[in-house]
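The structure appears below as structure tokens.
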Amino acid sequence: MRNIVSPGVRLGLSAAAFAIASAVAGLQHADEPCFESAKNWWPPLRNVWTAVGVKNHPFRFTLLYNGTIVAEPHPLRNINGPIKTYLLPYVGLGTQLTFTPSLDGSIPGRPDRPYQLSDSPDGGVGLQQWDDDHAAPVLITRWPITHYSGNSGVVLHEKVFAHTPGGQAVQTGKEPLYLWIRLEVAHVDPLEATPSAIMMIHVGNPDMMQRSMWHEDNLTVHPQQAIYPRTLVRDAYQQDQFSCCRLVEPDGKIRLIGKMASGSAMLVERSEGSRDYYLKVEMPSVAGTHVDLLLPMIPGDADAVRAEADLGFDGALAESDRYWSQRPSTAAVVDTPEPQVNRAVRRMIELAQVISETNPESGERSLLTGSWNYDTLWPTPTCMAAHMLLDQLGYHQFVADNLEIFRNHQGQTKPPGEAYSLHPGYFGAPRQLSSIDWLTDHGSVLHSVAEHALVTGDEQFIAHWIDPVLKACEFLRDSRANGNHDGVKGVLPPAVSTDTGVPAQAIWNIAWNYKGLDSAVRLLKRIGHPAAEEYETEAQEYKERFVEAYRQHAAQAPTWTDAAGASRVVVPTELNGPPLRSHPFYLDAGPPVLVYAGLMGADDPLIQDSLAFYREGPNTKLYDPRGNMHERPVLTHEISSCEPCYSFNNVCSWQAGDRAHFIEGVYGLLAGGISQQTFSGFEHRHGICSLPAPGALMFYCMKLAVIDDAIKPDELHLLRLVPLAWVREDYRTRFENMPTEYGPVDLAFQLADDGRSLNVSFEGRWRRPPARVALHAPPVPGLSKITVNGQDHAAGEVIELSP
């Protein structure tokens, strides 16, 4: 496997030394952030949960920060409407395993009222990490065996990974899904330790854990709902040297298997008939001793589960390693001197693929917005994983497979506004997956399709999609011509743009749909399609009419005075409809997205006023860093105080070449928008998590900092905003097989001669060469020479290279 994790991290013996060297080198550029300086900008994220599964399976296991395992086949079953009705047969078949270390093996007390999980002694912060020595995603939770009465002197590791029979890829969505769990003695204090380590594992009902998207302390435990819904009995058998036990359902299906070469696993009940079950796992306090548990997502056929158990933890892990080692030939390699960056890229790719599904009835595949809570499809943030992450890293076939659902359901969803009717070209979420429809969804899907075609040049994909793309453009043309509404004519009619559910002529709708139209036009022009000229004209008129109306509307907006005494506009987020000035979405769905869409430039006074408002405006005087997502929005280290994945201010900084704000934003997303332990993305800090979107925006910015095919048409810019933490004398930074609109690119660079020289190797495998390739000299103090492919250049501002 071509592992994208840094070599220094893969070598377990030198990992600590490597991390220290990376930290010291990163901090040498004291005026510019790196991860080591950014990681303490915020306190640790609370209530993290992380999806563990395989690609495109309809089920995922949820690992809470404290090692709790939630096996819930249909997390959204209580939502009104036809959400995932194909999972209804599995309702009630899940479980939750809650781990409590014990010194004496007594059953833990049970609170008599609901409580916030983060009110526990751990404060909502776990000790977790991925095992980088395996290709499979193996998540480790560290358990010091402690109790209010003392410390055992023993540390356990809870290691988990998901597995399908044979380690095979999902084909139907009906494949059994298992979670392998190993409780292993990782450390024994040499001076004082108890002779055995005990873990009490509650086997209960996943309904006990309630999630809330509206609160930061969003995990509420309801002890009265913790009881397992059916009677379990324990039986035992022997397999070679292993003593095994099974928890058996009334119908003979298997809920769980324990497998031990040493130690024991006993089923105990709080009181007879209570179904308040605990599995008491006990093992000698000897480093390396372990007990393995096998958890089917739903209780499984006895013979099938036995066959999986007989394979064993190590056998299943070997199969999973082979499965996850299979990377497409188009996959990119990202290797920087910052281990946290490398790990983040790897784990975000895995997360985005795990948070996807195959419908077991229709066979359709789909990316999903998140796991456990957002186990459905908001196309706008979901598609960010496609066009900002997976396609940018060469996972093209996966993207193509998961975009197909939009083609299948095109024209079947009514756009969310009164002036609209069913249109054969409209892209929306299928009813079975839709939660709240936004008009932005159409533009985000259209952009994803066109972007995929542009970065792959896949002629088969283009031929397959060209008619749906044309229909999608027709929808925008027809909608803009629709005058049957009270809003500004010549602009898309009012429609729902966010979860507020309020129709408006919102710039969020207008921007995303223009982005889709503009990308479609570039595709049509690229292939010489006869409709290219028509829709290029449509896009020009779309932009001109919007900008004209927007400037007129902004002229009536209130103003504020900045610290320098200048008057600035409170830039609107709509042409008509209720203003969002006090709402968190004033930033998340605010003016910076217009720069990403191409409707306005980052240097436009209205964009500059909006950025100043978020950075130093009146809201900053009201902001409480202890508060929650409902506060009036501000930028904190260049990420949104509400939803970091919509921090499009960083795209403004990229376009403007505002290095200071751009680098701060990239590291803000890395340090504050995703878990520093598991890389699970957050909707808002301490809130709903396991979202790929925050990491997708982060990587998109990282990629543009180094290999930029978007800043100007027909040009490729290299190292334009590269973080100085990646420009090192002791490390060769590599971006290999990176997709661009012109073809894949290899770029590697490393300082030499005490930082006076930069050695660069560059190769482009062009489908069509760019008109210009420009290499920008990183602002490294004392840099005087740049050698590109063996040819020396003075370290001027820009070096022109031959395509």
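The way I read the labels, and the way they are meant: chains A, B, ... in the order of the structure tokens, residue 1 as the first residue of every chain, and ligand 1 as the first ligand shown, with later ones counted on from there.
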Distance table requested - stretch 617-721 of chain A against stretch 503-527 of chain A, cut-off 12 Å, only C-alpha atoms: one row per qualifying residue with the closest atom pair and its distance in Å to one decimal, ordered by chain and rising residue number, as a Markdown table.
| residue | atom | partner | partner_atom | distance |
| --- | --- | --- | --- | --- |
| A:Tyr646 | CA | A:Trp508 | CA | 10.8 |
| A:Phe648 | CA | A:Trp508 | CA | 11.5 |
| A:Ala710 | CA | A:Ser519 | CA | 11.4 |
| A:Pro713 | CA | A:Arg522 | CA | 9.9 |
| A:Asp714 | CA | A:Arg522 | CA | 11.2 |
Checklist entry - Could you write out, as a ChimeraX atom specification, all the residues of stretch 476-549 of chain A that DSSP marks as strand (DSSP E)? => result /A:495-496,503-504
Next on the checklist: Let me make sure I understand: among A:Gln750, A:Gln412, A:Thr62, A:Thr172, which one has the smallest atom-to-atom distance to A:Ser362 if we use only C-alpha atoms?
Outcome noted: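 Nearest to A:Ser362: A:Thr172.
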Checklist entry - In Å, how far is it from atom CA of A:Met348 to atom CA of A:Ala693? => result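 Straight-line distance from atom CA of A:Met348 to atom CA of A:Ala693 works out to 9.3 Å.
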Distance table requested - stretch 153-247 of chain A against stretch 31-54 of chain A, cut-off 12 Å, only C-alpha atoms: one row per qualifying residue with the closest atom pair and its distance in Å to one decimal, ordered by chain and rising residue number, as JSON lines.
{"residue": "A:Lys159", "atom": "CA", "partner": "A:Val52", "partner_atom": "CA", "distance": 11.4}
{"residue": "A:Val160", "atom": "CA", "partner": "A:Val52", "partner_atom": "CA", "distance": 8.2}
{"residue": "A:Phe161", "atom": "CA", "partner": "A:Val52", "partner_atom": "CA", "distance": 6.6}
{"residue": "A:Ala162", "atom": "CA", "partner": "A:Gly53", "partner_atom": "CA", "distance": 4.9}
{"residue": "A:His163", "atom": "CA", "partner": "A:Val54", "partner_atom": "CA", "distance": 7.1}
{"residue": "A:Thr164", "atom": "CA", "partner": "A:Val54", "partner_atom": "CA", "distance": 7.9}
{"residue": "A:Pro165", "atom": "CA", "partner": "A:Val54", "partner_atom": "CA", "distance": 11.6}
{"residue": "A:Gly167", "atom": "CA", "partner": "A:Val54", "partner_atom": "CA", "distance": 9.5}
{"residue": "A:Gln168", "atom": "CA", "partner": "A:Val54", "partner_atom": "CA", "distance": 9.6}
{"residue": "A:Ala169", "atom": "CA", "partner": "A:Val54", "partner_atom": "CA", "distance": 8.0}
{"residue": "A:Val170", "atom": "CA", "partner": "A:Val54", "partner_atom": "CA", "distance": 8.0}
{"residue": "A:Gln171", "atom": "CA", "partner": "A:Val54", "partner_atom": "CA", "distance": 11.6}
{"residue": "A:Gly173", "atom": "CA", "partner": "A:Val54", "partner_atom": "CA", "distance": 10.9}
{"residue": "A:Glu175", "atom": "CA", "partner": "A:Val54", "partner_atom": "CA", "distance": 10.9}
{"residue": "A:Pro176", "atom": "CA", "partner": "A:Val54", "partner_atom": "CA", "distance": 11.2}
{"residue": "A:Leu177", "atom": "CA", "partner": "A:Gly53", "partner_atom": "CA", "distance": 8.0}
{"residue": "A:Tyr178", "atom": "CA", "partner": "A:Gly53", "partner_atom": "CA", "distance": 8.6}
{"residue": "A:Leu179", "atom": "CA", "partner": "A:Gly53", "partner_atom": "CA", "distance": 8.1}
{"residue": "A:Trp180", "atom": "CA", "partner": "A:Val52", "partner_atom": "CA", "distance": 10.7}
{"residue": "A:Ile181", "atom": "CA", "partner": "A:Val52", "partner_atom": "CA", "distance": 11.7}
{"residue": "A:Met209", "atom": "CA", "partner": "A:Asn47", "partner_atom": "CA", "distance": 11.9}
{"residue": "A:Arg211", "atom": "CA", "partner": "A:Asn47", "partner_atom": "CA", "distance": 10.2}
{"residue": "A:Ser212", "atom": "CA", "partner": "A:Asn47", "partner_atom": "CA", "distance": 11.4}
{"residue": "A:His215", "atom": "CA", "partner": "A:Asn47", "partner_atom": "CA", "distance": 11.2}
{"residue": "A:Glu216", "atom": "CA", "partner": "A:Arg46", "partner_atom": "CA", "distance": 8.3}
{"residue": "A:Asp217", "atom": "CA", "partner": "A:Asn47", "partner_atom": "CA", "distance": 7.2}
{"residue": "A:Asn218", "atom": "CA", "partner": "A:Asn47", "partner_atom": "CA", "distance": 7.3}
{"residue": "A:Leu219", "atom": "CA", "partner": "A:Asn47", "partner_atom": "CA", "distance": 6.9}
{"residue": "A:Thr220", "atom": "CA", "partner": "A:Asn47", "partner_atom": "CA", "distance": 10.3}
Next on the checklist: Can you pull out the residues contacting A:Met738? Cut-off 12 Å, using only C-alpha atoms, and skip same-chain residues under 4 positions away; I want them as a ChimeraX atom specification.
Outcome noted: /A:329-335,389-396,455-456,700,703-704,706-709,734,742-748,762-766
How would the residues just chosen look if you wrote them out with N, CA and C atoms as a CSV table (one decimal), in the first residue's frame?
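Saved as out.csv:
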chain,number,residue,atom,x,y,z
A,329,SER,N,-5.5,3.4,-8.7
A,329,SER,CA,-4.2,3.8,-9.3
A,329,SER,C,-4.2,5.4,-9.5
A,330,THR,N,-5.4,6.0,-9.4
A,330,THR,CA,-5.4,7.4,-9.5
A,330,THR,C,-5.3,8.1,-8.2
A,331,ALA,N,-5.2,7.4,-7.1
A,331,ALA,CA,-5.1,8.0,-5.8
A,331,ALA,C,-3.8,8.8,-5.6
A,332,ALA,N,-3.9,10.0,-4.9
A,332,ALA,CA,-2.8,10.8,-4.7
A,332,ALA,C,-2.1,10.4,-3.4
A,333,VAL,N,-0.9,11.0,-3.3
A,333,VAL,CA,-0.1,10.8,-2.1
A,333,VAL,C,0.2,12.2,-1.5
A,334,VAL,N,-0.1,12.4,-0.3
A,334,VAL,CA,0.2,13.7,0.4
A,334,VAL,C,1.1,13.3,1.6
A,335,ASP,N,2.3,13.9,1.6
A,335,ASP,CA,3.3,13.6,2.6
A,335,ASP,C,4.0,14.9,3.0
A,389,LEU,N,-12.7,16.9,-1.6
A,389,LEU,CA,-11.8,16.0,-1.0
A,389,LEU,C,-11.5,14.8,-1.9
A,390,LEU,N,-12.5,13.9,-2.1
A,390,LEU,CA,-12.2,12.7,-2.8
A,390,LEU,C,-11.7,12.8,-4.2
A,391,ASP,N,-12.4,13.7,-5.0
A,391,ASP,CA,-11.9,13.9,-6.3
A,391,ASP,C,-10.6,14.6,-6.4
A,392,GLN,N,-10.3,15.5,-5.4
A,392,GLN,CA,-9.1,16.2,-5.3
A,392,GLN,C,-7.9,15.3,-4.9
A,393,LEU,N,-8.3,14.1,-4.4
A,393,LEU,CA,-7.3,13.1,-4.0
A,393,LEU,C,-7.3,11.9,-4.9
A,394,GLY,N,-8.0,11.9,-6.0
A,394,GLY,CA,-7.9,10.9,-6.9
A,394,GLY,C,-8.8,9.7,-6.7
A,395,TYR,N,-9.8,9.8,-5.8
A,395,TYR,CA,-10.8,8.7,-5.6
A,395,TYR,C,-12.0,8.8,-6.5
A,396,HIS,N,-11.6,8.8,-7.8
A,396,HIS,CA,-12.6,9.2,-8.8
A,396,HIS,C,-13.7,8.2,-9.0
A,455,VAL,N,-11.8,17.2,-13.8
A,455,VAL,CA,-10.5,16.8,-13.2
A,455,VAL,C,-10.2,15.3,-13.7
A,456,THR,N,-11.1,14.6,-14.2
A,456,THR,CA,-10.8,13.3,-14.7
A,456,THR,C,-10.7,13.2,-16.2
A,700,TYR,N,-9.3,21.1,0.6
A,700,TYR,CA,-9.4,21.9,-0.6
A,700,TYR,C,-8.4,23.1,-0.5
A,703,LYS,N,-4.8,21.9,-0.7
A,703,LYS,CA,-4.4,21.6,-2.1
A,703,LYS,C,-4.1,22.8,-2.9
A,704,LEU,N,-5.0,23.8,-2.8
A,704,LEU,CA,-4.8,25.1,-3.5
A,704,LEU,C,-3.6,25.8,-3.1
A,706,VAL,N,-0.8,24.6,-2.5
A,706,VAL,CA,0.4,24.0,-3.1
A,706,VAL,C,0.3,23.8,-4.6
A,707,ILE,N,-0.9,23.3,-5.0
A,707,ILE,CA,-1.1,23.0,-6.5
A,707,ILE,C,-2.4,23.6,-6.8
A,708,ASP,N,-2.4,24.7,-7.5
A,708,ASP,CA,-3.6,25.6,-7.7
A,708,ASP,C,-4.0,25.7,-9.1
A,709,ASP,N,-5.1,25.0,-9.5
A,709,ASP,CA,-5.6,25.0,-10.9
A,709,ASP,C,-6.8,25.9,-11.0
A,734,ARG,N,5.9,15.9,-0.3
A,734,ARG,CA,5.5,15.3,-1.6
A,734,ARG,C,4.0,15.5,-1.8
A,742,TYR,N,-5.9,19.8,-15.7
A,742,TYR,CA,-5.0,19.5,-16.9
A,742,TYR,C,-4.4,18.1,-16.9
A,743,GLY,N,-4.5,17.4,-15.8
A,743,GLY,CA,-4.0,16.1,-15.7
A,743,GLY,C,-3.3,16.0,-14.4
A,744,PRO,N,-2.9,14.8,-14.0
A,744,PRO,CA,-2.2,14.6,-12.7
A,744,PRO,C,-0.8,15.2,-12.6
A,745,VAL,N,-0.5,15.7,-11.4
A,745,VAL,CA,0.8,16.4,-11.2
A,745,VAL,C,1.5,15.8,-10.0
A,746,ASP,N,2.9,15.7,-10.2
A,746,ASP,CA,3.8,15.4,-9.1
A,746,ASP,C,4.6,16.6,-8.7
A,747,LEU,N,4.6,16.9,-7.4
A,747,LEU,CA,5.4,18.0,-6.9
A,747,LEU,C,6.1,17.6,-5.6
A,748,ALA,N,7.4,17.9,-5.5
A,748,ALA,CA,8.1,17.6,-4.3
A,748,ALA,C,9.1,18.7,-4.1
A,762,PHE,N,9.2,18.6,-10.3
A,762,PHE,CA,7.8,18.8,-10.8
A,762,PHE,C,7.6,18.0,-12.1
A,763,GLU,N,6.4,17.4,-12.2
A,763,GLU,CA,6.1,16.7,-13.5
A,763,GLU,C,4.6,16.8,-13.6
A,764,GLY,N,4.1,17.1,-14.8
A,764,GLY,CA,2.7,17.1,-15.2
A,764,GLY,C,2.5,16.1,-16.3
A,765,ARG,N,1.5,15.2,-16.1
A,765,ARG,CA,1.1,14.3,-17.1
A,765,ARG,C,-0.2,14.8,-17.7
A,766,TRP,N,-0.1,15.6,-18.7
A,766,TRP,CA,-1.1,16.5,-19.2
A,766,TRP,C,-2.1,15.7,-20.1
Item to check | Selection near A:Ala344, 9 Å with only C-alpha atoms, sequence-local residues under 5 positions removed, as a list in words | outcome: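 Once the nearby chain positions are removed, what remains is Pro339, Ile349, Leu670, Ile674, Gln676, Thr678, Phe679 and Gly695 of chain A.
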Preceding selection exported with N, CA, C and O atoms as a PDB file, in the first residue's frame:
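Output file again22.pdb follows:
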ATOM      1  N   PRO A 339       2.970  15.375  10.919  1.00  0.00           N
ATOM      2  CA  PRO A 339       2.237  14.110  11.030  1.00  0.00           C
ATOM      3  C   PRO A 339       0.737  14.301  11.156  1.00  0.00           C
ATOM      4  O   PRO A 339      -0.038  13.509  10.618  1.00  0.00           O
ATOM      5  N   ILE A 349     -10.218  10.659   4.172  1.00  0.00           N
ATOM      6  CA  ILE A 349     -10.576   9.813   3.031  1.00  0.00           C
ATOM      7  C   ILE A 349     -11.370   8.604   3.502  1.00  0.00           C
ATOM      8  O   ILE A 349     -12.416   8.256   2.937  1.00  0.00           O
ATOM      9  N   LEU A 670      -7.946  22.557  10.832  1.00  0.00           N
ATOM     10  CA  LEU A 670      -7.285  21.331  11.285  1.00  0.00           C
ATOM     11  C   LEU A 670      -7.362  21.184  12.799  1.00  0.00           C
ATOM     12  O   LEU A 670      -7.615  20.091  13.314  1.00  0.00           O
ATOM     13  N   ILE A 674     -12.141  19.727  13.339  1.00  0.00           N
ATOM     14  CA  ILE A 674     -12.190  18.276  13.383  1.00  0.00           C
ATOM     15  C   ILE A 674     -11.505  17.821  14.671  1.00  0.00           C
ATOM     16  O   ILE A 674     -10.709  18.552  15.261  1.00  0.00           O
ATOM     17  N   GLN A 676      -8.920  16.378  17.027  1.00  0.00           N
ATOM     18  CA  GLN A 676      -7.477  16.186  16.931  1.00  0.00           C
ATOM     19  C   GLN A 676      -7.081  14.744  17.214  1.00  0.00           C
ATOM     20  O   GLN A 676      -5.953  14.354  16.925  1.00  0.00           O
ATOM     21  N   THR A 678      -9.400  11.750  16.498  1.00  0.00           N
ATOM     22  CA  THR A 678      -9.946  10.797  15.524  1.00  0.00           C
ATOM     23  C   THR A 678     -10.237  11.418  14.166  1.00  0.00           C
ATOM     24  O   THR A 678     -10.595  10.707  13.237  1.00  0.00           O
ATOM     25  N   PHE A 679     -10.121  12.761  14.046  1.00  0.00           N
ATOM     26  CA  PHE A 679     -10.342  13.494  12.798  1.00  0.00           C
ATOM     27  C   PHE A 679     -11.809  13.473  12.370  1.00  0.00           C
ATOM     28  O   PHE A 679     -12.128  13.751  11.216  1.00  0.00           O
ATOM     29  N   GLY A 695     -13.424  18.689   7.086  1.00  0.00           N
ATOM     30  CA  GLY A 695     -12.138  18.244   6.576  1.00  0.00           C
ATOM     31  C   GLY A 695     -12.012  18.438   5.073  1.00  0.00           C
ATOM     32  O   GLY A 695     -10.914  18.668   4.556  1.00  0.00           O
TER      33      GLY A 695
END
Next on the checklist: Would you pick out the contacts of A:Ala563 at 12 Å or less, using only C-alpha atoms, so that residues sharing its chain but fewer than 6 positions from it are not included, and give the list as number ranges by chain?
Outcome noted: A: 612-613, 615-618
Next on the checklist: Rounded to one decimal, what separation in Å do you get between atom CA of A:Pro82 and atom CA of A:Leu433?
Outcome noted: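 Atom-to-atom, atom CA of A:Pro82 to atom CA of A:Leu433, that is 8.1 Å.
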Next on the checklist: For stretch 654-664 of chain A, find every residue with an atom within 9 Å (counting only C-alpha atoms), except residues of its own chain fewer than 5 positions away, and show them as a PyMOL selection string.
Outcome noted: chain A and resi 32-34+38+595-596+601-603+637-639+649+669+701+704-705+711+720-723
Checklist entry - What is the atom CA of A:Leu606 to atom CA of A:Val571 distance in Å? => result 6.4 Å
Item to check | Nearby residues (only C-alpha atoms) at most 12 Å from A:Leu156, same-chain spacing under 5 positions excluded, as a PyMOL selection string | outcome: chain A and resi 67+99-102+127+140-146+182-189+196-199+281-291
Checklist entry - With only C-alpha atoms as the basis for distance, which of A:Glu548, A:Asp314, A:Glu357, A:Asp588 is at the shortest distance from A:Ser497? => result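 The closest residue to A:Ser497 is A:Asp588.
Among A:Val233, A:Val138, A:Leu311, A:Ala752, the residue with the shortest atom-to-atom distance to A:Lys253, counting only C-alpha atoms, is A:Val233.
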Item to check | Those in stretch 407-549 of chain A with alpha helix (DSSP H) from DSSP, as a ChimeraX atom specification | outcome: /A:407-408,440-456,459-481,507-526,532-549
